[in-house]
file work_38.pdb (PDB, C-alpha atoms)
MODEL        1
ATOM      1  CA  MET A1071      40.395   3.299  69.440  1.00  0.00           C
ATOM      2  CA  SER A1072      36.600   3.602  69.656  1.00  0.00           C
ATOM      3  CA  SER A1073      34.315   4.632  66.811  1.00  0.00           C
ATOM      4  CA  ILE A1074      31.701   7.350  66.724  1.00  0.00           C
ATOM      5  CA  TYR A1075      28.506   7.045  64.705  1.00  0.00           C
ATOM      6  CA  LYS A1076      26.052   9.647  63.505  1.00  0.00           C
ATOM      7  CA  VAL A1077      22.325   8.847  63.248  1.00  0.00           C
ATOM      8  CA  ILE A1078      19.955  10.502  60.780  1.00  0.00           C
ATOM      9  CA  GLU A1079      16.334   9.926  59.856  1.00  0.00           C
ATOM     10  CA  ILE A1080      15.287   9.240  56.269  1.00  0.00           C
ATOM     11  CA  ILE A1081      11.995   8.387  54.554  1.00  0.00           C
ATOM     12  CA  GLY A1082      11.723   6.107  51.528  1.00  0.00           C
ATOM     13  CA  GLY A1083       8.775   5.422  49.264  1.00  0.00           C
ATOM     14  CA  SER A1084       7.702   2.754  46.792  1.00  0.00           C
ATOM     15  CA  GLU A1085       4.625   1.940  44.757  1.00  0.00           C
ATOM     16  CA  LYS A1086       5.212  -1.797  45.390  1.00  0.00           C
ATOM     17  CA  SER A1087       6.068  -2.524  49.044  1.00  0.00           C
ATOM     18  CA  TRP A1088       7.507  -1.336  52.341  1.00  0.00           C
ATOM     19  CA  GLU A1089      10.495  -3.605  51.763  1.00  0.00           C
ATOM     20  CA  GLU A1090      11.282  -1.933  48.454  1.00  0.00           C
ATOM     21  CA  ALA A1091      10.784   1.509  50.021  1.00  0.00           C
ATOM     22  CA  ALA A1092      13.359   0.700  52.718  1.00  0.00           C
ATOM     23  CA  LYS A1093      15.831  -0.757  50.221  1.00  0.00           C
ATOM     24  CA  LYS A1094      15.571   2.239  47.894  1.00  0.00           C
ATOM     25  CA  ALA A1095      16.006   4.680  50.796  1.00  0.00           C
ATOM     26  CA  VAL A1096      19.194   2.976  52.021  1.00  0.00           C
ATOM     27  CA  GLU A1097      20.629   2.645  48.512  1.00  0.00           C
ATOM     28  CA  THR A1098      19.962   6.322  47.798  1.00  0.00           C
ATOM     29  CA  ALA A1099      21.443   7.439  51.140  1.00  0.00           C
ATOM     30  CA  ALA A1100      24.519   5.279  50.472  1.00  0.00           C
ATOM     31  CA  LYS A1101      25.349   7.442  47.452  1.00  0.00           C
ATOM     32  CA  SER A1102      26.265  10.327  49.769  1.00  0.00           C
ATOM     33  CA  LEU A1103      26.946   8.597  53.113  1.00  0.00           C
ATOM     34  CA  LYS A1104      29.922   6.337  53.703  1.00  0.00           C
ATOM     35  CA  ASP A1105      30.114   3.390  56.085  1.00  0.00           C
ATOM     36  CA  ILE A1106      26.374   2.938  56.748  1.00  0.00           C
ATOM     37  CA  ARG A1107      26.071   0.379  59.547  1.00  0.00           C
ATOM     38  CA  ILE A1108      22.463   0.069  60.731  1.00  0.00           C
ATOM     39  CA  ALA A1109      19.024   0.955  59.367  1.00  0.00           C
ATOM     40  CA  GLU A1110      16.253   0.805  61.973  1.00  0.00           C
ATOM     41  CA  ILE A1111      12.616   0.952  60.825  1.00  0.00           C
ATOM     42  CA  LYS A1112      10.663   3.421  62.972  1.00  0.00           C
ATOM     43  CA  GLU A1113       7.340   3.812  61.133  1.00  0.00           C
ATOM     44  CA  LEU A1114       5.421   2.351  58.224  1.00  0.00           C
ATOM     45  CA  ASP A1115       2.619   4.202  56.490  1.00  0.00           C
ATOM     46  CA  MET A1116       0.785   4.374  53.177  1.00  0.00           C
ATOM     47  CA  ARG A1117      -0.325   7.217  50.965  1.00  0.00           C
ATOM     48  CA  ILE A1118      -3.876   6.694  49.735  1.00  0.00           C
ATOM     49  CA  GLU A1119      -5.653   8.352  46.818  1.00  0.00           C
ATOM     50  CA  ASN A1120      -9.195   7.556  45.638  1.00  0.00           C
ATOM     51  CA  ASN A1121      -9.407   4.728  48.198  1.00  0.00           C
ATOM     52  CA  LYS A1122      -6.329   2.974  46.737  1.00  0.00           C
ATOM     53  CA  VAL A1123      -2.819   2.619  48.124  1.00  0.00           C
ATOM     54  CA  VAL A1124      -0.504   4.604  45.845  1.00  0.00           C
ATOM     55  CA  GLU A1125       2.685   4.554  47.924  1.00  0.00           C
ATOM     56  CA  TYR A1126       4.231   2.591  50.780  1.00  0.00           C
ATOM     57  CA  ARG A1127       6.462   4.741  52.983  1.00  0.00           C
ATOM     58  CA  VAL A1128       9.117   3.800  55.527  1.00  0.00           C
ATOM     59  CA  LYS A1129      10.612   6.148  58.102  1.00  0.00           C
ATOM     60  CA  MET A1130      13.957   4.867  59.364  1.00  0.00           C
ATOM     61  CA  ARG A1131      17.002   5.838  61.344  1.00  0.00           C
ATOM     62  CA  VAL A1132      20.308   5.186  59.635  1.00  0.00           C
ATOM     63  CA  SER A1133      23.666   5.171  61.401  1.00  0.00           C
ATOM     64  CA  PHE A1134      27.031   5.644  59.747  1.00  0.00           C
ATOM     65  CA  LYS A1135      30.591   6.044  60.921  1.00  0.00           C
ATOM     66  CA  TYR A1136      31.425   9.647  61.758  1.00  0.00           C
ATOM     67  CA  LYS A1137      34.698  10.980  60.430  1.00  0.00           C
ATOM     68  CA  ALA A1138      35.816  14.407  61.588  1.00  0.00           C
ATOM     69  CA  SER A1139      36.930  16.811  58.842  1.00  0.00           C
TER      70      SER A1139
ENDMDL
END

call {"tool": "encode", "arguments": {"input": "work_38.pdb", "output": "structure tokens"}}
result
Amino acid sequence: MSSIYKVIEIIGGSEKSWEEAAKKAVETAAKSLKDIRIAEIKELDMRIENNKVVEYRVKMRVSFKYKAS
């Protein structure tokens, strides 16, 4: 039997690093999504205020096993 996966896009943020932003985003998504399989980084950006980086942001696609209701 083959599996079906759903893909969604999420954005995570961190004051410290892109790596932490990605980790926090996946951990938060995992609280409501089951069977997460892959997280693919699509974009990295930073939020800047007063010429200083205040947040690292990561846009990613996350896939998880789809289970019909």

call {"tool": "atom_distance", "arguments": {"input": "work_38.pdb", "atom1": "atom CA of A:Lys1129", "atom2": "atom CA of A:Ile1106"}}
result
16.1 Å

call {"tool": "resolve_selection", "arguments": {"input": "work_38.pdb", "expression": "the PyMOL selection byres ((chain A and resi 1075-1080) around 8)", "output": "list in words"}}
result
Ser1073, Ile1074, Ile1081, Gly1082, Ala1095, Lys1129, Met1130, Arg1131, Val1132, Ser1133, Phe1134, Lys1135 and Tyr1136 of chain A

call {"tool": "atom_distance", "arguments": {"input": "work_38.pdb", "atom1": "atom CA of A:Lys1122", "atom2": "atom CA of A:Ala1109"}}
result
28.4 Å

call {"tool": "atom_distance", "arguments": {"input": "work_38.pdb", "atom1": "atom CA of A:Met1116", "atom2": "atom CA of A:Ser1102"}}
result
26.4 Å

call {"tool": "resolve_selection", "arguments": {"input": "work_38.pdb", "expression": "the PyMOL selection byres ((chain A and resi 1085) around 9)", "output": "PyMOL selection string"}}
result
chain A and resi 1083-1084+1086-1088+1090-1091+1123-1127

call {"tool": "closest_residue", "arguments": {"input": "work_38.pdb", "among": "A:Lys1101, A:Lys1137, A:Ile1108, A:Asp1115", "to": "A:Ser1072", "atoms": "all atoms listed in the file"}}
result
A:Lys1137

call {"tool": "decode", "arguments": {"input": "work_38.pdb", "residues": "stretch 1083-1124 of chain A", "atoms": "N, CA and C atoms", "output": "short mmCIF file (atom, residue, chain, number, x, y, z; two decimals), in the first residue's frame"}}
result
data_model
loop_
_atom_site.label_atom_id
_atom_site.label_comp_id
_atom_site.auth_asym_id
_atom_site.auth_seq_id
_atom_site.Cartn_x
_atom_site.Cartn_y
_atom_site.Cartn_z
N GLY A 1083 10.53 31.99 13.28
CA GLY A 1083 11.39 33.12 13.58
C GLY A 1083 12.18 32.91 14.86
N SER A 1084 13.34 33.56 14.94
CA SER A 1084 14.19 33.48 16.11
C SER A 1084 15.04 34.75 16.21
N GLU A 1085 15.32 35.16 17.42
CA GLU A 1085 16.22 36.29 17.63
C GLU A 1085 17.68 35.87 17.51
N LYS A 1086 17.95 34.54 17.53
CA LYS A 1086 19.34 34.06 17.56
C LYS A 1086 19.90 33.62 16.21
N SER A 1087 19.14 32.76 15.47
CA SER A 1087 19.71 32.20 14.24
C SER A 1087 18.63 31.61 13.34
N TRP A 1088 19.02 31.39 12.08
CA TRP A 1088 18.10 30.72 11.15
C TRP A 1088 17.89 29.27 11.59
N GLU A 1089 18.93 28.65 12.09
CA GLU A 1089 18.82 27.26 12.54
C GLU A 1089 17.79 27.12 13.66
N GLU A 1090 17.86 28.03 14.61
CA GLU A 1090 16.88 27.99 15.71
C GLU A 1090 15.47 28.30 15.21
N ALA A 1091 15.36 29.21 14.25
CA ALA A 1091 14.05 29.54 13.68
C ALA A 1091 13.43 28.31 13.03
N ALA A 1092 14.22 27.55 12.28
CA ALA A 1092 13.72 26.34 11.62
C ALA A 1092 13.32 25.29 12.65
N LYS A 1093 14.16 25.09 13.65
CA LYS A 1093 13.88 24.10 14.69
C LYS A 1093 12.60 24.43 15.44
N LYS A 1094 12.45 25.69 15.83
CA LYS A 1094 11.24 26.10 16.56
C LYS A 1094 10.00 25.93 15.70
N ALA A 1095 10.10 26.24 14.41
CA ALA A 1095 8.93 26.11 13.51
C ALA A 1095 8.49 24.65 13.40
N VAL A 1096 9.44 23.75 13.23
CA VAL A 1096 9.10 22.32 13.11
C VAL A 1096 8.55 21.80 14.43
N GLU A 1097 9.16 22.16 15.54
CA GLU A 1097 8.68 21.68 16.84
C GLU A 1097 7.27 22.20 17.14
N THR A 1098 6.99 23.43 16.76
CA THR A 1098 5.65 23.98 16.98
C THR A 1098 4.63 23.29 16.07
N ALA A 1099 4.99 23.10 14.80
CA ALA A 1099 4.09 22.42 13.86
C ALA A 1099 3.81 20.99 14.31
N ALA A 1100 4.81 20.34 14.90
CA ALA A 1100 4.66 18.94 15.33
C ALA A 1100 3.63 18.78 16.45
N LYS A 1101 3.30 19.86 17.12
CA LYS A 1101 2.28 19.79 18.18
C LYS A 1101 0.88 19.52 17.60
N SER A 1102 0.67 19.91 16.34
CA SER A 1102 -0.66 19.69 15.74
C SER A 1102 -0.62 18.79 14.51
N LEU A 1103 0.56 18.51 13.97
CA LEU A 1103 0.69 17.63 12.81
C LEU A 1103 1.34 16.33 13.25
N LYS A 1104 0.86 15.24 12.74
CA LYS A 1104 1.43 13.93 13.05
C LYS A 1104 2.24 13.41 11.87
N ASP A 1105 3.26 12.66 12.15
CA ASP A 1105 4.06 12.00 11.12
C ASP A 1105 4.75 12.97 10.16
N ILE A 1106 5.35 14.06 10.69
CA ILE A 1106 6.12 14.96 9.83
C ILE A 1106 7.32 14.18 9.29
N ARG A 1107 7.57 14.30 7.99
CA ARG A 1107 8.63 13.53 7.35
C ARG A 1107 9.78 14.39 6.86
N ILE A 1108 9.49 15.50 6.20
CA ILE A 1108 10.52 16.32 5.56
C ILE A 1108 10.23 17.80 5.83
N ALA A 1109 11.29 18.55 6.08
CA ALA A 1109 11.19 20.01 6.15
C ALA A 1109 12.22 20.56 5.16
N GLU A 1110 11.74 21.31 4.18
CA GLU A 1110 12.61 21.82 3.12
C GLU A 1110 12.67 23.35 3.22
N ILE A 1111 13.86 23.89 3.43
CA ILE A 1111 14.03 25.33 3.55
C ILE A 1111 13.87 25.96 2.17
N LYS A 1112 12.98 26.95 2.07
CA LYS A 1112 12.73 27.63 0.80
C LYS A 1112 13.33 29.02 0.77
N GLU A 1113 13.27 29.74 1.88
CA GLU A 1113 13.78 31.12 1.93
C GLU A 1113 14.32 31.43 3.31
N LEU A 1114 15.34 32.27 3.34
CA LEU A 1114 15.86 32.82 4.59
C LEU A 1114 15.79 34.34 4.48
N ASP A 1115 15.33 34.99 5.53
CA ASP A 1115 15.37 36.45 5.54
C ASP A 1115 15.55 36.93 6.97
N MET A 1116 15.74 38.25 7.10
CA MET A 1116 15.93 38.86 8.41
C MET A 1116 15.03 40.07 8.53
N ARG A 1117 14.55 40.30 9.74
CA ARG A 1117 13.80 41.52 10.03
C ARG A 1117 14.80 42.48 10.68
N ILE A 1118 14.82 43.70 10.18
CA ILE A 1118 15.80 44.69 10.63
C ILE A 1118 15.07 45.91 11.18
N GLU A 1119 15.53 46.36 12.34
CA GLU A 1119 15.01 47.59 12.95
C GLU A 1119 16.18 48.42 13.43
N ASN A 1120 16.16 49.71 13.14
CA ASN A 1120 17.24 50.63 13.55
C ASN A 1120 18.62 50.09 13.14
N ASN A 1121 18.70 49.58 11.92
CA ASN A 1121 19.94 49.06 11.34
C ASN A 1121 20.52 47.85 12.09
N LYS A 1122 19.69 47.13 12.84
CA LYS A 1122 20.13 45.93 13.55
C LYS A 1122 19.18 44.77 13.23
N VAL A 1123 19.76 43.60 13.11
CA VAL A 1123 18.95 42.39 12.89
C VAL A 1123 18.22 42.08 14.18
N VAL A 1124 16.89 42.00 14.11
CA VAL A 1124 16.10 41.69 15.30
C VAL A 1124 15.43 40.32 15.22
#
